[in-house]
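S.K.: Below: one structure in structure tokens.
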Amino acid sequence: MTVTRPFAITLLLLGCGGLPPAAGPQPEVGEELLGGDTTVFDETRGAFTLPSRTLTDGARRDDFFAGNAFFNRAWVAAPASTSGSDGLGPLFNATGCDACHLKDGRAGPPETADEPFLGVLFRISVPGEGPHGGPKPDPVYGGQLSPHGIFGVPSEVTPRVRWVEQPGRFADGEPYSLRAPVYSFDDPQYGPLPTELLVSPRAAPAMVGLGLLELVSEAQVLSHADPDDRDGDGISGRPNQVWDVRQGALRLGRFGWKAGQPTVEQQSAGAFLGDVGITSSLFPEQDCTAAQAACAAAPSGGAPELTDDKLAAVTFYGQHLAPPGRRNWKAPEVLQGRELFRGAGCTACHLERLTTAQAPGFPELSNQTIRPYTDLLLHDLGEGLADHRPDFAASGTEWRTAPLWGLGLVPVVNRHDHYLHDGRARGVMEAVLWHGGEAQRSRDEVVQMSKAERARLIAFLESL
């Protein structure tokens, strides 16, 4: 008599095409394609520098690389023999875009008080509203502190930072420590800084996927807003309405740490002026106050210094930098981490999916399902991260949900793992632990996780 053993039945089923039920969470179709069809797969230091995979037209690829050349250009003071590259300053933070966005990536803060700031700037204002409801510039120092000036123009200040450790423990007893920045500003050249000055440090973020975020319809963004928390989940989400210089009207803010810019073009032109001191048709006047006579008298590199064709090229470049694809998205620990991320409520703000609209002039970016892990809305993240500086509709405790695509490649591209708006977080777990306000419940869920669960959560975040 033949006895059929259980394992023999299993083998028979497998041989006939049957499969046992899958154990644990499974990959979802396309979840590795963070930028939809635009996604590129590269795990080198150049991972953030590549054009969208859909940018196949030869002439448009030429436009991309022309923009790359202007983005990486080092500007010099005017007048200079290098026509078209002069006009640096008179006051500035860096000599070019790539000085802060190295390899189109993310900047980090100094580790000690003696190191210079590069890639972390300081927006400033005084209480009250400025033009169109935006921040009110300081009458002496303007809207941004500049640590450098060209020859004959005194710089504004020398920023310093010291770090204060704040110890804590997870629920299982494992200790952690968060570092809080304490800023100071030495050698103010135009008189003492006012006691009521509002200061906000801003680290240069990675550049990938900007054009895709620009093509998410306003209606789609607003559909996720819940400013009065009508559903009672503790998550509000508010749109920022900011001044669009090109349109001459208030529009949805999408870019910057507080969603203070409406378009990639205006974000680019604003950075040229504020960070490099380069004027454009959008921002034709230098940020020289009445107290800064040498700044106002400095020679110009043109009117404007950044011509419209160059601004268009840099804008096109920024719009078509491709998000990198995920790594290890099929690994069991990553899939388990994804479920922990969802279970902790993180996807209430870090939305997993958005879609881009059909947009004339942007065939490569239109009609894409993207996974940026943002809702482009403002959320109150509590006192721990507050800068207490309003920016249009954004309060002093509100920040735009930061996109997470490319997060795990920052250590490869930029050789550091410093996150959040000022780079205080050393690694993704510290970034999570700084969350408060609307994110307090999710943060507390993470604190309650076991060490193994925390490792899986980190594995998921570092796969993005």
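Residues are referred to by chain and number: the chain letter is A, B, ... according to the order shown in the structure tokens, the number counts from 1 in that chain, and ligands are numbered separately from 1 in the order shown.
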Please, which residues in stretch 184-287 of chain A fall within 8 Å of stretch 408-425 of chain A when counting only C-alpha atoms, and what is the closest atom pair and distance in Å to one decimal for each, ordered by chain then residue number, as a Markdown table?

M.R.:
```
| residue | atom | partner | partner_atom | distance |
| --- | --- | --- | --- | --- |
| A:Pro201 | CA | A:Asp422 | CA | 5.6 |
| A:Arg202 | CA | A:Asp422 | CA | 5.3 |
| A:Ala203 | CA | A:Asp422 | CA | 5.1 |
| A:Trp257 | CA | A:His421 | CA | 6.5 |
```

S.K.: Could you give me, as a tab-separated table, every stretch 355-414 of chain A residue with an atom at most 9 Å from stretch 205-223 of chain A, plus its closest atom pair and distance in Å to one decimal, counting only C-alpha atoms, rows ordered by chain then number?

M.R.:
```
residue	atom	partner	partner_atom	distance
A:Thr355	CA	A:Val216	CA	6.1
A:Thr356	CA	A:Val216	CA	4.5
A:Ala357	CA	A:Leu215	CA	5.7
A:Gln358	CA	A:Leu215	CA	8.0
A:Ala359	CA	A:Leu215	CA	7.1
A:Phe362	CA	A:Gly211	CA	8.7
A:Leu365	CA	A:Leu212	CA	6.0
A:Ser366	CA	A:Leu215	CA	7.3
A:Asn367	CA	A:Leu215	CA	9.0
A:Gln368	CA	A:Leu212	CA	8.1
A:Ile370	CA	A:Leu212	CA	7.9
A:Pro372	CA	A:Gly209	CA	8.1
A:Asp375	CA	A:Val221	CA	6.5
A:Leu376	CA	A:Val221	CA	6.8
A:Leu377	CA	A:Val221	CA	7.5
A:Trp405	CA	A:Val208	CA	8.1
A:Gly406	CA	A:Val208	CA	7.8
A:Leu407	CA	A:Ala206	CA	9.0
A:Val410	CA	A:Ala206	CA	8.4
```

S.K.: Grab the residues selected above and save them as a compact mmCIF listing (two decimals), in the first residue's frame with N, CA and C atoms.

M.R.:
```txt
# COMPACT_ATOMS: atom_id res chain seq x y z
N THR A 355 -0.55 61.88 -9.26
CA THR A 355 -0.50 61.77 -10.72
C THR A 355 -0.23 63.14 -11.32
N THR A 356 0.48 63.16 -12.43
CA THR A 356 0.73 64.42 -13.12
C THR A 356 -0.30 64.61 -14.22
N ALA A 357 -0.58 65.86 -14.53
CA ALA A 357 -1.57 66.19 -15.54
C ALA A 357 -0.97 66.11 -16.94
N GLN A 358 -1.84 66.17 -17.94
CA GLN A 358 -1.40 66.35 -19.31
C GLN A 358 -1.10 67.82 -19.49
N ALA A 359 0.17 68.16 -19.73
CA ALA A 359 0.58 69.55 -19.77
C ALA A 359 1.27 69.87 -21.09
N PHE A 362 5.26 69.68 -21.93
CA PHE A 362 5.92 68.75 -21.01
C PHE A 362 5.51 67.31 -21.33
N LEU A 365 6.77 64.48 -18.97
CA LEU A 365 6.38 64.45 -17.57
C LEU A 365 4.88 64.27 -17.38
N SER A 366 4.12 64.33 -18.47
CA SER A 366 2.66 64.27 -18.38
C SER A 366 2.15 62.86 -18.12
N ASN A 367 1.01 62.80 -17.44
CA ASN A 367 0.27 61.54 -17.24
C ASN A 367 1.12 60.46 -16.59
N GLN A 368 1.82 60.83 -15.55
CA GLN A 368 2.66 59.88 -14.83
C GLN A 368 2.07 59.59 -13.45
N ILE A 370 3.27 58.90 -9.93
CA ILE A 370 4.54 59.11 -9.23
C ILE A 370 4.38 58.79 -7.75
N PRO A 372 6.21 60.32 -4.79
CA PRO A 372 7.17 61.23 -4.14
C PRO A 372 7.09 61.21 -2.62
N ASP A 375 2.45 65.43 0.13
CA ASP A 375 1.15 65.96 -0.29
C ASP A 375 1.27 67.42 -0.72
N LEU A 376 2.49 67.99 -0.63
CA LEU A 376 2.76 69.38 -0.99
C LEU A 376 2.01 70.38 -0.11
N LEU A 377 1.52 69.92 1.03
CA LEU A 377 0.77 70.77 1.95
C LEU A 377 1.60 71.12 3.18
N TRP A 405 11.48 60.77 -2.06
CA TRP A 405 12.20 60.05 -3.11
C TRP A 405 13.67 60.47 -3.13
N GLY A 406 14.54 59.50 -3.27
CA GLY A 406 15.98 59.74 -3.24
C GLY A 406 16.58 59.77 -1.85
N LEU A 407 15.76 59.61 -0.81
CA LEU A 407 16.24 59.74 0.57
C LEU A 407 17.43 58.83 0.86
N VAL A 410 21.11 59.83 -0.50
CA VAL A 410 21.85 61.03 -0.05
C VAL A 410 23.24 60.68 0.48
```

S.K.: Can you tell me, as a ChimeraX atom specification, which residues in stretch 227-299 of chain A count as strand (DSSP E or B) by DSSP?

M.R.: /A:238,241-244,249-252,255,261

S.K.: Please compute the atom CA of A:Gly24-atom CA of A:Ala439 distance, one decimal, in Å.

M.R.: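 About the pair atom CA of A:Gly24 and atom CA of A:Ala439: they are 27.1 Å apart.
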
S.K.: Compile the contact shell of A:Thr112 as a list in words: residues with an atom at most 8 Å away, counting only C-alpha atoms, same-chain residues fewer than 6 positions apart removed.

M.R.: Val161, Arg162 and Trp163 of chain A

S.K.: Select, from A:Arg353, A:Arg327, A:Pro131, A:Asp172, the residue with the minimum atom-to-atom distance to A:His224, counting only C-alpha atoms.

M.R.: A:Arg353

S.K.: Pick the closest to A:Gly343 from A:Ser442, A:Ser83, A:Thr289, A:Ser155: which is it, counting only C-alpha atoms?

M.R.: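 The shortest atom-to-atom distance to A:Gly343 comes from A:Ser442.
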
S.K.: Mind listing the alpha helix (DSSP H) residues of stretch 48-190 of chain A, per DSSP on the backbone, as a list in words?

M.R.: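 Reading the DSSP output for stretch 48-190 of chain A, alpha helix (DSSP H) covers Gly58, Ala59, Arg60, Arg61, Asp62, Asp63, Phe64, Phe65, Ala66, Gly67, Asn68, Ala69, Phe70, Phe71, Cys97, Asp98, Ala99 and Cys100 of chain A.
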
S.K.: Identify, on the basis of only C-alpha atoms, every residue whose closest approach to stretch 164-169 of chain A does not exceed 12 Å; exclude the query and any residue fewer than 3 positions from it along the same chain; express the result as an MDAnalysis selection string.

M.R.: chainID A and resid 111:112 161 172:183 384 424:426 430 433:434 444 446:451

S.K.: Of the residues A:Gly36, A:Gly89, A:Arg45, A:Val314, which is the one nearest to A:Ala69, using only C-alpha atoms?

M.R.: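 Under the stated criterion, the closest residue is A:Val314.
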